[in-house]
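Reviewing the structure listed below.
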Amino acid sequence: MWARQCFITQGCLDRYCLSASATPESKVVLYRAPPGYGKSVQVALAANTRELELESAVYINTRSCPDSCDVNGSLFAALVLYQLEGVESWRTIKSDIDTIEVLRNALCNAKKTIRICLDGVGEAKHTADLIEDLICETPSNVKFFIAPSRVGALPRLSMMAGVVTYGADELVFTEEEVSELSGMGGPEASNIIKATGGWPALVRLMCRTPNPNLPAATWPETRSYFRDNLLTALPNSTRTFLCNAAMLEVISAECYGYVYKTEEADREITFLNEHYALLAPTGTSADRMDMHPVLREYLRSLFNTTQRERRSYVLKRVAFWHWRRGEYLHSINAALEASDHRWARVVSDSIILDVALRQGEIEVLRTWFGKVPARTIKKIAALSIGYAWILYFSQQARQAEEILVSSLHPSSRGVGDLDEEGWRELVNAIGKATQDKLLESQVLCQKWIDAFGDRNMVGKGAALTCQAFIASSGRHFEELERLSHRAAVAIQSSNQHYAFIWLKTAEIQGELFKGDIARARSVLLQANKTAEKIQVPKTFLNKMFGTLELQILHEQNHHLVTQESAQASFDFALNYGVTDILWGCTQAYSRFLYHQGFRDRAMALLEQSRLASCERELSRLNILTKVQLAEFTLLNNEELGPPILPDECELTFLPNQNQAIQARMALVTSMYRLRLGKQFGVAEKYAKQALQSASAISDARTRIAAHYCQALAAFALGSSKSAKRMILDANLLSEHLNC
């Protein structure tokens, strides 16, 4: 057994948070989790006695016993007693009852701390009773570390005082632990956690597999592990149930019973939870179960292989089940997987608009709409309007306008009802903002609020959020604060998830425009907490907030940015970001690449953004890209020519947006004069001009950059004291704003 203990702990982390030292007051530490969560490792590590004079350890691992040997109460007592007192203790023992009594006396009279570490015990009733009796009868210096043979073994222990239980949530690896275990840095460790969910066995497999970039469920090592260590241990009926359950959007007895026409689901779920813990209640309901995503994907692939002919039928029943309950997003997901679009013909007007405008499942619906025939979309006004909304927020404005026009056709179903609540007008008004026609959008949104706001609260939340975003883009920060409060009320009253994401985006973006990076970080963290509390779907939210976090991290500490995460944010912004989102992401990523030494790649990224601006007729994005390209070209060239900047007559945007561009253009011109090594007076003039424009719109980052240019020009002109004072002021402001 001790040889097995040494083998189990080789190359394993001694995780303090799960160790004996972390719970010095506890009598029992109990590890309950599915196979592969490191329960045996923790028990084996607990058996490592540190101070021989003060501590003794007993280690029992039932896997070391022959298959025919049942660890009953007397054998268990003998194993413990032998490890504590050696062969001498046997000379006075005459029966099994004597063995147990001698053990009781030895434990009760022990002066040292004794750790009794038990791996795989608890199936036999007499042994379980003896363990529980010893826990109750022995003094506090006798401590137990137990990984039961099955999750449901030793059930009464969980109800005892002084028992600390560690489940799967506590036993999963953290990024720090993965870094320590694998020797990989933060980004690689983060990727391992994302791919495996921190399941220790899968983490170990990912560190060894030759294909770590493929989904975890497809690795041959994972498939072998699940087959040999999980499925073979299950009874046939339970194995079938688990495989079937993986096809459900949400695992519940009621849903399973409907889809598979059975009444056995309750019993199977109870059995799985009590013996294997392969399902866990969701945060929202005790009746609904979650399965680990990697296991779920593996079981789905198994179902697709073994029951291919039933797959479409099962998924359609799943879709219809959620449809009847009003859970339309789950319906869409299941229907997508089943390649079934026919139910679109009987979709009610409110459903598609709810999923698109309130829940904001843009990416899912974009895929789904791509499979629905165009004639079906044009026949149903709700589909036309919902699809136009999806296209606007997917940066396909021309197609969106065409689809929106088709919704006016007299033969479209439901035109009158939709017009009463102003859905078409709302999509048109907000769609203008996605095209960067902000002034027009502002006016149309206000008209919509006046006409329809009192009877369409979901729409009102969206319109007010759009106005708040426009205020943020236009650097009207007091107006942004006022509109944010009004929008928040409408959003909360209508549970408007999509508008919530965009409202928080507008607020964080406002702080970024001001250059207050510390405040932007604080608002982002608070927004994430609120989203968790009100259960905003995470897929779109995480990606949108990721584009903002990239800008924050780049300003705070560029070492925290990885090329993989930055590229993922850029790809998302390119598909779903309006001008300000795409530009903020492009600027941060291109500067990150430039200062990492990837100058050609940084320039290529800007060209990619500029090309998108031309295709989508986003002239402000085009000009912002040109200014950044001019700056990089200036820094690259040894033979200096004047930077190629846009003409000021091209600046036809909101006044403060024009000021922001003028400030950057003046800054680039000042940098050009400084790099020439002459005309320092002209450089100082342009730096002051940049400072003035930036100050007028509260743009602290451009202000700081202008201060540095002004200081260099002043120093070159002989005003060293003035230059040093400017640099000191700029440094202090930069430190205060964390930028």
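Letters A, B, ... go to the chains of the structure tokens in the order shown; residues in each chain start at 1; ligands are counted from 1 in the same order.
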request  = Just the residues within 9 Å of Ser149 in chain A, please, counting only C-alpha atoms, with nothing from its chain fewer than 6 positions along; format it as a ChimeraX atom specification.
outcome  = /A:62,119-123
Backbone-only DSSP, helix (DSSP H, G or I) members of range 342-543 of chain A, as a VMD selection string = chain A and resid 342 to 346 349 to 358 362 to 371 374 to 379 381 to 392 397 to 406 415 to 420 423 to 434 438 to 452 457 to 473 477 to 494 497 to 514 517 to 534 538 to 543
message = Let me make sure I understand: among A:Ala518, A:Ala277, A:Ala265, A:Ile93, which one has the smallest atom-to-atom distance to Ser252 in chain A if we use only C-alpha atoms?
response = A:Ala265
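Among the candidate residues A:Tyr594, A:Tyr589, A:Tyr392, A:Phe545, the one lying nearest to Ala566 in chain A is A:Tyr589, with distances computed using only C-alpha atoms.
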All strand (DSSP E or B) positions in range 88-331 of chain A, as a list in words =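 After running DSSP on the backbone, range 88-331 of chain A has strand (DSSP E or B) at Thr113, Ile114, Arg115, Ile116, Cys117, Leu118, Asp119, Val142, Lys143, Phe144, Phe145, Ile146, Ala147, Val163, Val164, Thr165, Tyr166, Ile251, Ala280, Pro281, Met289 and Asp290 of chain A.
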Output file for the residues above (N, CA, C and O atoms, as a compact mmCIF listing (two decimals), in the first residue's frame):
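Dumped everything to part10.txt:
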# COMPACT_ATOMS: atom_id res chain seq x y z
N THR A 113 -0.26 13.22 16.88
CA THR A 113 -1.32 13.41 15.88
C THR A 113 -1.27 12.22 14.94
O THR A 113 -0.20 11.85 14.44
N ILE A 114 -2.41 11.60 14.72
CA ILE A 114 -2.48 10.43 13.83
C ILE A 114 -3.37 10.78 12.64
O ILE A 114 -4.51 11.22 12.80
N ARG A 115 -2.81 10.59 11.45
CA ARG A 115 -3.60 10.77 10.23
C ARG A 115 -3.97 9.40 9.69
O ARG A 115 -3.09 8.61 9.35
N ILE A 116 -5.24 9.13 9.60
CA ILE A 116 -5.71 7.87 9.02
C ILE A 116 -6.23 8.18 7.62
O ILE A 116 -7.26 8.85 7.46
N CYS A 117 -5.49 7.74 6.62
CA CYS A 117 -5.76 8.11 5.22
C CYS A 117 -6.33 6.90 4.49
O CYS A 117 -5.63 5.89 4.33
N LEU A 118 -7.58 7.02 4.07
CA LEU A 118 -8.32 5.88 3.53
C LEU A 118 -8.74 6.15 2.09
O LEU A 118 -9.49 7.09 1.82
N ASP A 119 -8.27 5.31 1.18
CA ASP A 119 -8.59 5.47 -0.24
C ASP A 119 -9.38 4.25 -0.72
O ASP A 119 -8.86 3.14 -0.73
N VAL A 142 -6.71 12.58 16.40
CA VAL A 142 -6.86 11.52 15.38
C VAL A 142 -7.70 12.10 14.24
O VAL A 142 -8.87 12.45 14.43
N LYS A 143 -7.08 12.21 13.07
CA LYS A 143 -7.74 12.86 11.93
C LYS A 143 -7.87 11.87 10.79
O LYS A 143 -7.01 11.00 10.60
N PHE A 144 -8.96 12.03 10.01
CA PHE A 144 -9.25 11.11 8.92
C PHE A 144 -9.26 11.87 7.59
O PHE A 144 -9.83 12.96 7.49
N PHE A 145 -8.64 11.26 6.59
CA PHE A 145 -8.66 11.78 5.22
C PHE A 145 -9.20 10.65 4.35
O PHE A 145 -8.57 9.59 4.23
N ILE A 146 -10.37 10.87 3.77
CA ILE A 146 -11.10 9.74 3.16
C ILE A 146 -11.54 10.08 1.72
O ILE A 146 -12.15 11.12 1.47
N ALA A 147 -11.21 9.18 0.81
CA ALA A 147 -11.78 9.20 -0.55
C ALA A 147 -12.59 7.91 -0.68
O ALA A 147 -12.02 6.83 -0.87
N VAL A 163 -16.58 17.84 9.79
CA VAL A 163 -16.24 17.19 8.52
C VAL A 163 -16.18 18.25 7.42
O VAL A 163 -17.13 19.00 7.22
N VAL A 164 -15.05 18.32 6.74
CA VAL A 164 -14.89 19.22 5.60
C VAL A 164 -14.96 18.38 4.33
O VAL A 164 -14.22 17.40 4.19
N THR A 165 -15.85 18.76 3.41
CA THR A 165 -16.03 17.99 2.17
C THR A 165 -15.52 18.80 0.98
O THR A 165 -15.88 19.98 0.82
N TYR A 166 -14.69 18.18 0.17
CA TYR A 166 -14.21 18.79 -1.07
C TYR A 166 -14.83 18.04 -2.25
O TYR A 166 -14.64 16.83 -2.39
N ILE A 251 -30.47 19.12 -19.05
CA ILE A 251 -30.77 17.77 -18.55
C ILE A 251 -31.74 17.87 -17.38
O ILE A 251 -31.42 18.47 -16.34
N ALA A 280 -24.57 17.56 -12.07
CA ALA A 280 -24.63 18.51 -10.95
C ALA A 280 -25.76 19.49 -11.21
O ALA A 280 -25.98 19.89 -12.36
N PRO A 281 -26.51 19.90 -10.17
CA PRO A 281 -27.58 20.88 -10.37
C PRO A 281 -27.04 22.19 -10.94
O PRO A 281 -25.93 22.61 -10.59
N MET A 289 -29.92 19.68 -14.54
CA MET A 289 -28.57 19.18 -14.29
C MET A 289 -27.59 19.65 -15.37
O MET A 289 -27.96 19.82 -16.52
N ASP A 290 -26.35 19.79 -14.94
CA ASP A 290 -25.25 20.07 -15.86
C ASP A 290 -24.37 18.85 -15.97
O ASP A 290 -24.24 18.08 -15.02
ask   = Nearest to Asn557 in chain A among A:Ser40, A:Asn738, A:Asn244, A:Thr127, with distances taken over only C-alpha atoms: which residue is it?
value =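 Once distances to Asn557 in chain A are computed over only C-alpha atoms, the minimum belongs to A:Asn738.
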Find the residues near Phe540 in chain A: any atom within 10 Å, counting only C-alpha atoms, skip ones fewer than 4 places away on the same chain, and give them as a compact mmCIF listing (two decimals) with N, CA and C atoms, in the first residue's frame.
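New file selection-v2.txt:
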# COMPACT_ATOMS: atom_id res chain seq x y z
N GLY A 360 -30.60 38.92 -27.66
CA GLY A 360 -29.40 39.30 -28.40
C GLY A 360 -28.52 38.14 -28.82
N GLU A 361 -29.12 37.01 -29.16
CA GLU A 361 -28.31 35.86 -29.58
C GLU A 361 -27.94 36.02 -31.06
N ILE A 362 -27.09 37.01 -31.31
CA ILE A 362 -26.77 37.40 -32.67
C ILE A 362 -26.04 36.29 -33.43
N GLU A 363 -25.03 35.72 -32.81
CA GLU A 363 -24.22 34.71 -33.51
C GLU A 363 -25.04 33.46 -33.84
N VAL A 364 -25.83 32.99 -32.85
CA VAL A 364 -26.64 31.79 -33.07
C VAL A 364 -27.67 32.04 -34.17
N TYR A 498 -29.60 42.02 -24.14
CA TYR A 498 -28.73 42.55 -25.20
C TYR A 498 -28.43 44.03 -24.97
N ILE A 501 -25.76 44.57 -22.34
CA ILE A 501 -24.38 44.42 -22.82
C ILE A 501 -23.91 45.72 -23.48
N VAL A 536 -27.27 37.08 -17.61
CA VAL A 536 -27.12 37.44 -19.01
C VAL A 536 -26.34 36.33 -19.70
N MET A 544 -17.76 40.53 -26.32
CA MET A 544 -17.81 41.99 -26.40
C MET A 544 -16.93 42.62 -25.31
N PHE A 545 -17.08 42.13 -24.09
CA PHE A 545 -16.25 42.66 -23.00
C PHE A 545 -14.78 42.34 -23.22
N GLY A 546 -14.51 41.26 -23.96
CA GLY A 546 -13.12 40.92 -24.28
C GLY A 546 -12.45 41.98 -25.12
N PHE A 572 -13.69 39.00 -33.57
CA PHE A 572 -15.06 39.26 -33.14
C PHE A 572 -15.47 40.69 -33.49
N TYR A 576 -18.71 41.89 -35.54
CA TYR A 576 -19.87 42.34 -34.77
C TYR A 576 -19.68 43.72 -34.13
key: Contacts of Ala630 in chain A at 9 Å (only C-alpha atoms; same-chain gap of 3+ positions) as an MDAnalysis selection string   = chainID A and resid 625:627 633:635 643:645 668
message = Need the shell around Gln710 in chain A: protein/DNA/RNA residues with any atom at most 10 Å away, counting only C-alpha atoms. Skip same-chain ones fewer than 6 positions apart. Format as a list in words?
response = Leu667, Ser670, Met671, Leu674, Phe680, Gly681, Ala683, Glu684, Lys685, Tyr686, Ala687, Lys688, Ala690, Leu691, Ile704, Ala716, Ser722, Ala723, Met726 and Ile727 of chain A
query = Near Ser484 in chain A, within 8 Å and counting only C-alpha atoms, which residues show up once chain neighbours fewer than 3 positions away are dropped, as a ChimeraX atom specification?
reply = /A:464-465,468,480-481,487-488,503,507
Preceding selection exported with N, CA, C and O atoms as a tab-separated table (two decimals), in the first residue's frame:
chain	number	residue	atom	x	y	z
A	464	LEU	N	-32.97	53.76	-25.81
A	464	LEU	CA	-32.21	54.58	-24.84
A	464	LEU	C	-30.75	54.14	-24.77
A	464	LEU	O	-29.85	54.97	-24.64
A	465	THR	N	-30.53	52.85	-24.88
A	465	THR	CA	-29.15	52.35	-24.89
A	465	THR	C	-28.41	52.86	-26.11
A	465	THR	O	-27.23	53.24	-26.03
A	468	ALA	N	-27.46	56.33	-25.47
A	468	ALA	CA	-26.33	56.38	-24.53
A	468	ALA	C	-25.02	56.07	-25.25
A	468	ALA	O	-23.99	56.71	-25.00
A	480	LEU	N	-24.21	61.04	-21.30
A	480	LEU	CA	-24.09	59.59	-21.18
A	480	LEU	C	-24.57	59.12	-19.81
A	480	LEU	O	-25.31	58.13	-19.71
A	481	GLU	N	-24.18	59.81	-18.76
A	481	GLU	CA	-24.58	59.42	-17.41
A	481	GLU	C	-26.10	59.50	-17.24
A	481	GLU	O	-26.73	58.60	-16.68
A	487	ALA	N	-31.82	54.36	-19.33
A	487	ALA	CA	-31.77	53.07	-20.03
A	487	ALA	C	-31.76	51.91	-19.05
A	487	ALA	O	-32.42	50.89	-19.28
A	488	ALA	N	-31.03	52.06	-17.94
A	488	ALA	CA	-30.93	50.97	-16.95
A	488	ALA	C	-32.31	50.63	-16.38
A	488	ALA	O	-32.62	49.45	-16.15
A	503	LEU	N	-25.18	48.77	-23.16
A	503	LEU	CA	-25.15	49.91	-22.24
A	503	LEU	C	-23.84	49.90	-21.44
A	503	LEU	O	-23.18	50.94	-21.29
A	507	GLU	N	-20.66	52.59	-21.33
A	507	GLU	CA	-20.09	53.18	-20.12
A	507	GLU	C	-18.58	52.92	-20.03
A	507	GLU	O	-17.80	53.82	-19.69
query = Which residue gives the smallest distance to Glu188 in chain A among A:Ala400, A:Pro212, A:Ala246, A:Ile534, with only C-alpha atoms counted?
reply =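 So, comparing all the options, the nearest one is A:Pro212.
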request  = Measuring atom to atom with only C-alpha atoms, identify which of A:Phe303, A:Trp199, A:Tyr225, A:Trp502 is nearest to Leu242 in chain A.
outcome  =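 For Leu242 in chain A, the nearest of the given residues is A:Phe303.
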query = Please, what distance in Å, to one decimal, runs between CA of Glu221 in chain A and CA of Arg150 in chain A?
reply =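 Calculated distance between CA of Glu221 in chain A and CA of Arg150 in chain A is 23.6 Å.
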task = Write out as a ChimeraX atom specification which residues come within 9 Å of range 319-328 of chain A when counting only C-alpha atoms, dropping same-chain ones fewer than 3 positions away.
result = /A:249,255,258-259,314-316,331-335,338,351-352,354-355
Write the selection just made, keeping C-alpha atoms, as an mmCIF file, in the first residue's frame?
data_model
loop_
_atom_site.group_PDB
_atom_site.id
_atom_site.type_symbol
_atom_site.label_atom_id
_atom_site.label_comp_id
_atom_site.auth_asym_id
_atom_site.auth_seq_id
_atom_site.Cartn_x
_atom_site.Cartn_y
_atom_site.Cartn_z
ATOM 1 C CA GLU A 249 -30.039 21.160 -24.178
ATOM 2 C CA CYS A 255 -37.290 16.803 -20.531
ATOM 3 C CA TYR A 258 -40.643 13.680 -22.986
ATOM 4 C CA VAL A 259 -37.847 13.239 -25.533
ATOM 5 C CA VAL A 314 -34.256 13.274 -30.898
ATOM 6 C CA LEU A 315 -33.020 16.839 -31.515
ATOM 7 C CA LYS A 316 -36.374 17.857 -32.998
ATOM 8 C CA SER A 331 -35.243 25.492 -29.351
ATOM 9 C CA ILE A 332 -33.138 27.322 -31.903
ATOM 10 C CA ASN A 333 -29.926 25.613 -30.779
ATOM 11 C CA ALA A 334 -31.491 22.148 -31.014
ATOM 12 C CA ALA A 335 -33.162 22.934 -34.345
ATOM 13 C CA ALA A 338 -30.959 18.993 -36.306
ATOM 14 C CA ILE A 351 -40.560 34.796 -30.309
ATOM 15 C CA ILE A 352 -38.005 35.716 -32.947
ATOM 16 C CA ASP A 354 -37.506 38.350 -28.270
ATOM 17 C CA VAL A 355 -34.538 36.115 -29.075
#
